[in-house]
Structures are given as C-alpha cells and as structure tokens.
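Peer 1: Here you go, this is coords_11.cif (mmCIF, C-alpha atoms).
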```
data_final
#
loop_
_atom_site.label_atom_id
_atom_site.label_comp_id
_atom_site.auth_asym_id
_atom_site.auth_seq_id
_atom_site.Cartn_x
_atom_site.Cartn_y
_atom_site.Cartn_z
CA MET A 196 0.00 0.00 0.00
CA GLU A 197 2.14 2.86 -1.22
CA MET A 198 0.95 6.30 -0.19
CA THR A 199 2.45 9.21 -2.01
CA GLY A 200 0.76 12.09 -0.27
CA LEU A 201 -1.24 13.15 2.75
CA ILE A 202 -4.59 11.49 3.25
CA ASP A 203 -7.67 12.88 4.95
CA SER A 204 -8.78 11.70 8.37
CA THR A 205 -11.73 9.59 7.16
CA GLU A 206 -9.57 7.77 4.68
CA LEU A 207 -6.89 7.38 7.32
CA ARG A 208 -9.42 5.79 9.66
CA VAL A 209 -10.42 3.31 6.96
CA GLN A 210 -6.79 2.46 6.26
CA LEU A 211 -6.07 2.07 9.97
CA GLU A 212 -9.01 -0.27 10.28
CA GLN A 213 -7.66 -2.38 7.44
CA LEU A 214 -4.28 -2.53 9.12
CA HIS A 215 -5.71 -3.04 12.60
CA GLN A 216 -5.11 -6.77 12.94
CA GLU A 217 -1.55 -6.52 11.72
CA SER A 218 -1.01 -3.47 13.92
CA TYR A 219 -2.21 -5.42 16.93
CA GLY A 220 0.10 -8.32 16.07
CA TRP A 221 3.03 -5.92 15.80
CA ALA A 222 2.05 -4.16 19.03
CA LEU A 223 1.87 -7.56 20.69
CA TYR A 224 5.38 -8.31 19.51
CA CYS A 225 6.64 -4.90 20.69
CA CYS A 226 5.06 -5.47 24.11
CA ALA A 227 6.73 -8.86 24.67
CA ARG A 228 3.43 -10.61 23.95
CA ASP A 229 1.56 -8.84 26.74
CA SER A 230 -1.93 -8.55 25.24
CA SER A 231 -3.32 -5.90 27.59
CA GLN A 232 -0.25 -3.74 27.16
CA ALA A 233 -0.46 -4.21 23.39
CA GLU A 234 -4.05 -3.02 23.48
CA ASP A 235 -3.08 0.04 25.51
CA VAL A 236 -0.23 0.81 23.16
CA LEU A 237 -2.43 0.55 20.10
CA GLN A 238 -5.04 2.77 21.71
CA SER A 239 -2.32 5.31 22.54
CA VAL A 240 -1.18 5.18 18.93
CA TYR A 241 -4.71 5.92 17.70
CA LEU A 242 -4.92 8.73 20.24
CA LYS A 243 -1.64 10.19 19.00
CA ILE A 244 -3.00 10.08 15.46
CA LEU A 245 -6.29 11.71 16.49
CA GLU A 246 -4.52 14.47 18.40
CA GLY A 247 -2.10 15.05 15.56
CA LYS A 248 0.92 14.12 17.66
CA ALA A 249 1.72 11.44 15.10
CA ARG A 250 1.18 12.75 11.60
CA PHE A 251 1.48 10.72 8.44
CA ASP A 252 3.54 12.74 5.99
CA GLY A 253 3.34 10.34 3.06
CA LYS A 254 7.11 9.86 2.89
CA SER A 255 6.74 6.11 3.33
CA ALA A 256 3.98 3.54 3.16
CA LEU A 257 1.26 4.04 5.77
CA LYS A 258 2.01 0.63 7.23
CA THR A 259 5.71 1.45 7.63
CA TRP A 260 4.87 4.74 9.33
CA LEU A 261 2.24 3.13 11.55
CA PHE A 262 4.56 0.32 12.61
CA ALA A 263 7.26 2.86 13.46
CA VAL A 264 4.76 4.79 15.63
CA ILE A 265 3.67 1.58 17.36
CA ARG A 266 7.29 0.61 18.01
CA ARG A 267 8.11 4.04 19.47
CA THR A 268 4.96 4.11 21.60
CA ALA A 269 5.66 0.63 22.95
CA ALA A 270 9.23 1.66 23.79
CA ASP A 271 7.91 4.74 25.64
CA GLU A 272 5.42 2.56 27.50
CA ARG A 273 8.21 0.13 28.48
CA ARG A 274 10.29 3.03 29.76
CA ARG A 275 7.37 4.36 31.75
CA SER A 276 6.56 0.96 33.26
CA ARG A 277 10.25 0.52 34.15
CA TRP A 278 10.08 3.79 36.07
CA ARG A 279 6.81 2.79 37.69
CA ARG A 280 8.38 -0.49 38.77
CA PHE A 281 11.45 1.34 40.00
CA TRP A 282 9.38 3.68 42.18
CA LEU A 283 7.09 0.93 43.37
CA GLY A 284 10.07 -1.26 44.17
CA GLY A 285 9.15 -4.17 41.92
CA ASN A 286 11.84 -6.31 40.35
CA GLN A 287 10.08 -7.89 37.39
CA SER A 288 12.13 -8.16 34.24
CA ASP A 289 11.01 -6.28 31.17
CA ILE A 290 10.30 -9.26 28.98
CA GLU A 291 8.24 -12.01 30.44
CA PRO A 292 9.28 -15.48 29.41
CA ALA A 293 6.85 -17.27 27.15
CA ALA A 294 4.18 -19.10 29.06
CA GLU A 295 4.99 -22.76 29.44
CA PRO A 296 2.05 -24.90 28.37
CA ASP A 297 0.87 -27.09 31.23
CA ASN A 298 1.07 -30.28 29.31
CA LEU A 299 2.75 -30.30 25.93
CA ASP A 300 1.62 -33.85 25.18
CA GLU A 301 -1.96 -32.75 25.24
CA THR A 302 -1.49 -29.90 22.83
CA ILE A 303 -1.70 -30.49 19.16
CA ASP A 304 1.52 -30.86 17.27
CA ARG A 305 1.15 -27.57 15.45
CA MET A 306 0.81 -25.69 18.71
CA ARG A 307 3.87 -27.43 20.07
CA VAL A 308 5.91 -26.43 17.05
CA GLN A 309 4.59 -22.92 17.39
CA VAL A 310 5.58 -22.70 21.04
CA LEU A 311 9.04 -23.98 20.26
CA PHE A 312 9.32 -21.61 17.33
CA GLN A 313 8.39 -18.71 19.59
CA ARG A 314 11.08 -19.79 22.01
CA ALA A 315 13.60 -19.99 19.19
CA LEU A 316 12.60 -16.49 18.19
CA GLU A 317 13.02 -15.26 21.73
CA ASP A 318 16.53 -16.66 21.76
CA LEU A 319 17.45 -14.48 18.81
CA PRO A 320 18.99 -11.07 19.46
CA GLY A 321 16.31 -8.37 19.47
CA ARG A 322 17.22 -6.73 16.17
CA GLN A 323 17.36 -10.04 14.30
CA ARG A 324 14.00 -11.06 15.71
CA GLU A 325 12.50 -7.69 14.88
CA VAL A 326 13.61 -7.60 11.26
CA LEU A 327 12.50 -11.20 10.65
CA GLN A 328 9.13 -10.44 12.18
CA LEU A 329 8.66 -7.36 10.01
CA VAL A 330 9.71 -9.08 6.82
CA PHE A 331 8.08 -12.49 7.30
CA CYS A 332 5.00 -11.62 9.31
CA TYR A 333 4.10 -8.23 7.97
CA ASP A 334 5.48 -8.47 4.42
CA LEU A 335 7.60 -5.36 4.76
CA SER A 336 10.56 -4.91 2.44
CA LEU A 337 13.98 -4.76 4.05
CA ALA A 338 14.10 -1.04 3.33
CA ASP A 339 10.76 -0.47 5.10
CA ALA A 340 11.81 -2.70 7.99
CA ALA A 341 14.97 -0.60 8.30
CA ARG A 342 12.81 2.54 8.40
CA VAL A 343 10.61 1.09 11.14
CA MET A 344 13.65 0.00 13.14
CA LYS A 345 15.46 3.27 12.47
CA VAL A 346 18.59 1.52 11.23
CA SER A 347 20.41 1.62 7.91
CA LEU A 348 19.42 -0.77 5.14
CA GLY A 349 22.79 -2.49 5.36
CA SER A 350 22.39 -3.06 9.07
CA ALA A 351 18.85 -4.39 8.59
CA ARG A 352 20.09 -6.76 5.91
CA THR A 353 22.86 -8.07 8.17
CA HIS A 354 20.42 -8.67 11.03
CA TYR A 355 18.02 -10.34 8.62
CA GLU A 356 20.60 -12.73 7.18
CA ARG A 357 22.02 -13.64 10.57
CA GLY A 358 18.60 -14.21 12.04
CA LYS A 359 17.51 -16.36 9.15
CA LYS A 360 20.70 -18.40 9.42
CA ARG A 361 20.08 -19.06 13.10
CA LEU A 362 16.48 -20.04 12.44
CA ARG A 363 17.62 -22.45 9.73
CA HIS A 364 19.97 -24.06 12.25
CA TRP A 365 17.12 -24.29 14.74
CA LEU A 366 14.90 -25.85 12.10
CA LYS A 367 17.56 -28.47 11.26
CA ASP A 368 18.00 -29.36 14.95
CA PHE A 369 14.26 -29.45 15.46
CA GLN A 370 13.64 -31.74 12.50
CA MET B 183 16.82 -26.19 -2.96
CA ASN B 184 17.06 -27.33 0.62
CA GLN B 185 17.55 -23.72 1.66
CA ASP B 186 14.37 -22.73 -0.16
CA ARG B 187 12.45 -25.43 1.64
CA GLU B 188 13.78 -24.23 4.98
CA GLU B 189 12.90 -20.67 4.17
CA LYS B 190 9.42 -21.73 3.14
CA LYS B 191 9.02 -23.57 6.43
CA ILE B 192 10.19 -20.51 8.37
CA ALA B 193 7.71 -18.38 6.45
CA GLU B 194 4.93 -20.85 7.31
CA LEU B 195 5.84 -20.71 10.97
CA PHE B 196 5.80 -16.93 10.90
CA ASP B 197 2.43 -16.99 9.13
CA GLU B 198 1.03 -19.22 11.82
CA LEU B 199 2.46 -16.95 14.52
CA LYS B 200 0.89 -13.95 12.83
CA ARG B 201 -2.43 -15.74 12.56
CA GLN B 202 -2.35 -16.63 16.24
CA ASP B 203 -1.47 -13.07 17.23
CA GLN B 204 -4.22 -11.57 15.14
CA LEU B 205 -6.78 -14.06 16.37
CA HIS B 206 -7.10 -12.23 19.67
CA ALA B 207 -6.98 -8.70 18.28
CA PRO B 208 -9.56 -6.49 19.97
CA PRO B 209 -12.11 -4.91 17.59
CA PHE B 210 -10.86 -1.79 15.89
CA ALA B 211 -14.09 0.10 16.64
CA ARG B 212 -13.61 -0.40 20.40
CA LEU B 213 -10.04 0.89 20.50
CA TRP B 214 -10.87 3.74 18.13
CA ALA B 215 -13.91 4.78 20.17
CA ARG B 216 -11.83 4.73 23.36
CA ALA B 217 -9.14 6.81 21.72
CA VAL B 218 -11.76 9.29 20.45
CA SER B 219 -13.34 9.68 23.90
CA GLN B 220 -9.90 10.01 25.49
CA SER B 221 -9.04 12.69 22.95
CA GLU B 222 -12.29 14.56 23.65
CA ARG B 223 -11.64 14.35 27.37
CA ALA B 224 -8.17 15.73 26.82
CA VAL B 225 -9.60 18.59 24.76
CA ARG B 226 -12.19 19.36 27.46
CA ARG B 227 -9.49 19.25 30.13
CA HIS B 228 -7.34 21.54 28.01
CA VAL B 229 -10.22 23.99 27.57
CA SER B 230 -11.03 23.97 31.30
CA LEU B 231 -7.40 24.51 32.17
CA ARG B 232 -7.27 27.45 29.77
CA LEU B 233 -10.46 28.84 31.27
CA VAL B 234 -9.11 28.54 34.82
CA ALA B 235 -5.86 30.17 33.74
CA ALA B 236 -7.76 33.01 32.04
CA VAL B 237 -9.96 33.61 35.11
CA ALA B 238 -6.90 33.56 37.38
CA MET B 239 -5.19 36.05 35.09
CA VAL B 240 -8.19 38.37 35.07
CA LEU B 241 -8.42 38.20 38.87
CA LEU B 242 -4.71 38.89 39.17
CA VAL B 243 -4.90 41.90 36.86
CA ALA B 244 -8.02 43.20 38.60
CA GLY B 245 -6.35 42.80 42.01
CA SER B 246 -3.21 44.55 40.82
CA LEU B 247 -5.21 47.45 39.37
CA ALA B 248 -7.26 47.72 42.55
CA ILE B 249 -4.08 47.96 44.63
CA LEU B 250 -2.49 50.40 42.19
CA PHE B 251 -5.44 52.80 42.07
CA ARG B 252 -6.55 52.43 45.67
CA GLN B 253 -7.42 55.83 47.27
CA PRO B 254 -5.16 56.85 50.14
CA SER B 255 -6.67 56.50 53.62
CA GLY B 256 -6.09 60.23 54.56
CA PRO B 257 -8.13 63.25 53.48
CA SER B 258 -9.36 63.01 49.95
CA ALA B 259 -10.52 66.41 48.79
CA PRO B 260 -7.85 69.08 48.05
CA MET B 261 -9.38 71.45 50.59
CA GLU B 262 -9.32 68.86 53.35
CA ARG B 263 -5.76 68.06 52.41
CA ALA B 264 -4.73 71.73 52.83
CA GLU B 265 -6.42 71.97 56.23
CA PHE B 266 -4.69 68.80 57.25
CA ALA B 267 -1.33 70.29 56.24
CA VAL B 268 -1.98 73.41 58.31
CA THR B 269 -2.95 71.38 61.34
CA ILE B 270 0.18 69.34 61.03
CA SER B 271 2.42 72.39 60.75
CA GLY B 272 0.82 73.98 63.83
CA TRP B 273 1.22 71.00 65.98
CA ARG B 274 3.42 71.31 69.03
CA SER B 275 4.56 68.66 71.37
CA PRO B 276 3.05 68.99 74.88
CA THR B 277 6.56 68.81 76.36
CA ASP B 278 7.99 71.32 73.93
CA PHE B 279 8.30 73.99 76.68
CA LEU B 280 10.81 71.82 78.52
CA LEU B 281 13.25 72.27 75.67
CA ALA B 282 13.08 76.04 75.81
CA PRO B 283 15.99 77.59 77.79
CA VAL B 284 15.09 79.57 80.85
CA ASP B 285 16.52 82.89 79.71
CA GLU B 286 15.50 82.60 76.10
CA GLN B 287 14.27 86.20 75.95
CA LEU B 288 17.57 87.48 77.21
CA LEU B 289 19.48 85.42 74.71
CA ARG B 290 17.37 86.61 71.84
CA THR B 291 17.56 90.29 72.62
CA VAL B 292 20.51 92.60 72.71
CA PRO B 293 20.53 94.54 76.01
CA ARG B 294 20.51 98.29 75.66
CA LEU B 295 22.97 100.26 77.66
CA ASP B 296 20.44 102.81 78.84
CA GLU B 297 18.03 100.18 80.19
CA SER B 298 17.69 100.11 83.90
CA LEU B 299 18.50 97.03 85.89
CA HIS B 300 14.93 96.94 87.08
CA GLU B 301 13.61 96.42 83.63
CA ILE B 302 16.04 93.69 82.96
CA GLN B 303 15.09 91.99 86.22
CA ALA B 304 11.44 92.46 85.35
CA ILE B 305 11.92 90.59 82.10
CA THR B 306 13.82 87.74 83.72
CA SER B 307 11.31 87.48 86.58
CA TYR B 308 8.49 87.41 84.00
CA GLU B 309 10.14 84.63 82.17
CA ASN B 310 10.53 82.67 85.35
#
```
Output the file's structure in the form of structure tokens.
Peer 2:
Amino acid sequence: MEMTGLIDSTELRVQLEQLHQESYGWALYCCARDSSQAEDVLQSVYLKILEGKARFDGKSALKTWLFAVIRRTAADERRRSRWRRFWLGGNQSDIEPAAEPDNLDETIDRMRVQVLFQRALEDLPGRQREVLQLVFCYDLSLADAARVMKVSLGSARTHYERGKKRLRHWLKDFQ
Amino acid sequence: MNQDREEKKIAELFDELKRQDQLHAPPFARLWARAVSQSERAVRRHVSLRLVAAVAMVLLVAGSLAILFRQPSGPSAPMERAEFAVTISGWRSPTDFLLAPVDEQLLRTVPRLDESLHEIQAITSYEN
C-alpha cells in the first residue's frame, strides 16, 4: 500500500481499520506478547493520530509509518513501566518469558511447534527477531523494515541474514 | 533447494504466529472509540485549564489594578488636604516647653545700655 501524499482523516481511519489486525500483532510483539499492554499501546497510537501528535507525511507507506509509531509508543510505554516499577520497588524483568504450556503432550503438534518456534525467536537477538518479524509476518521490504527500526538498510540486511541463518539451524536441529 | 524449503518452512511458521497473534486482536471500533473519547476528554481538560488560567489572570490583573489605584486613607478632597497640612504644621509637642531655655528672651535680645537694671530683672522674673 504505497501512499504518495497526505490522506484525509476519514480515509486514514479506513486504512487504519484495514491494518488493525496486523497493527495489533506488531504491538503484541513490541510489548513482549503482553496482550493488555499491546491493546493500551495501540489505543495510545490511535490517540496520537487523532490528536495530531503522530502525523502521516506520506514519505513512506502508511504501514511502515504506523509500525514505526507503534514501536516508538511501545518503547515509551516500556520506559514508563520501568520507572513505575522502579518507584514501586518491583523487580520484574522487562520481557516475560513465554508461558509454558501445562502439558505439551496434550497440545496439538502444530501448537507445540509454534511454542518452540516462539522460544527460538526469543533466543534471537532483538534486532534479528525484529527484522524477521517485520519481513516475514508483515510483508515489509527490508528497506521499510529498516525505516521502522530506524537503522540503515545495510544493518537491517545483516540482522536479517544472521537471524535467518540461526532459524535455519534451529529448524535443522528441530527436524 | 534445501535452503528454499527451509525458508518456506520458516515463512509458514511466521504466518502461523501472525495468525495466532491476530486471532485475539480487539475490535478496531472499540479501541478507536476509546481513543476518540480520550481525545475529547483531553480537549475538554485543556479547555477547562485554559479557562481557569484566564480567570486567574483576570483576577490577578483586577487585584493589581485595585491595589495600584486604591485611594489613600487620609483626606481626599484638596481642601481637606490643605487643612490637614496646616494642622500638622501647627502641631506642638506637649513637652515642647521643657526644651526652651530659661533665659530665652535674654538670649534673643541685645541689652541696651540705657536700660535700667529693674527692667532687665522684670523681664527675667516674667520669664521665670
């Protein structure tokens, strides 16, 4: 969805609605799979858009811009919650480990693979995981992924190749 | 060839992950409506804050002007002010006489050579 110029608010709303599911998935990833936090982040993103604090300037695809806003908002939220935890004296780590299914034998094979795949993803360095997620899950080009991550294209490519290589190794071991 | 197969498998796993993530996405309308109401609340709060600030400013300016142009507590009319000035200038301390030297008259006047001693004594006795 290439946007070349500014779009009006009604059209923007329609476009946001079309991207909503993907946006939620990305927010979920940015919030370490915390669904309630992802919901809050996405709501904050919509609020920023409504208040004009986040303005689409048409320099990139709407999806690229939106994902960058979600990523930034989630990072702000993480920072804020770190401070909250600091003042309240909590000692929870930022990223919760993936929930361990109670009984893997009872889950269907696909779910088991999925859980293991998620774990393999979590073992990847953040940047590698992020670029793979953007490219594979959300069909972003490497250039757009680099824009979302605010890194150079070369750097994004390196992270992408390394991440893919590690996942291939994981896949071989798994099979 | 093998690499392509692996990449395809990875893509499938990512697709499944994406599908799972999006399965539990809250409805867009709900989040949008919440954001809209939050935005309206923020606007209302902003307006009320501005209103409070404006009222405070007006009160501050009014108070300052009232202090600046407050009438003095003394006499107001020019005539009264003049009378007041006269009264002030005529005022004498009740103990003022204690400061006056005993032979003030003598000190102020130059004695004449042809004056009799009686007269001089009369003046000094009068003073006393």
Peer 1: When the cut-off is 7 Å and we count all atoms listed in the file, which residues of chain B are near chain A, given as a PyMOL selection string?
Peer 2: chain B and resi 188+193+195-197+199-200+203-204+207+210+213-214+217-218+221
Peer 1: Quick one: pull the distance between CA of Asp334 in chain A and CA of Leu319 in chain A, Å, one decimal.
Peer 2: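 It comes out at 19.7 Å.
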Peer 1: Do you have the CA of Arg226 in chain B-CA of Gly247 in chain A distance handy?
Peer 2: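 Answer for the CA of Arg226 in chain B to CA of Gly247 in chain A separation: 16.2 Å.
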Peer 1: Kindly give the distance, in Å, that separates CA of Arg280 in chain A and CA of Ala263 in chain A, rounded to a single decimal.
Peer 2: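 Rounded to one decimal, the two atoms are 25.6 Å apart.
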Peer 1: With distances taken over all atoms listed in the file, which of A:Glu206, A:Asp252, A:Glu272, A:Asp318 is nearest to Cys225 in chain A?
Peer 2: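 Smallest distance to Cys225 in chain A is found for A:Glu272.
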Peer 1: A:Arg267, A:Val326, A:Arg273, A:Ser255: which is nearest Gln232 in chain A, counting only C-alpha atoms?
Peer 2: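 Checking each candidate against Gln232 in chain A, we get A:Arg273 as the closest.
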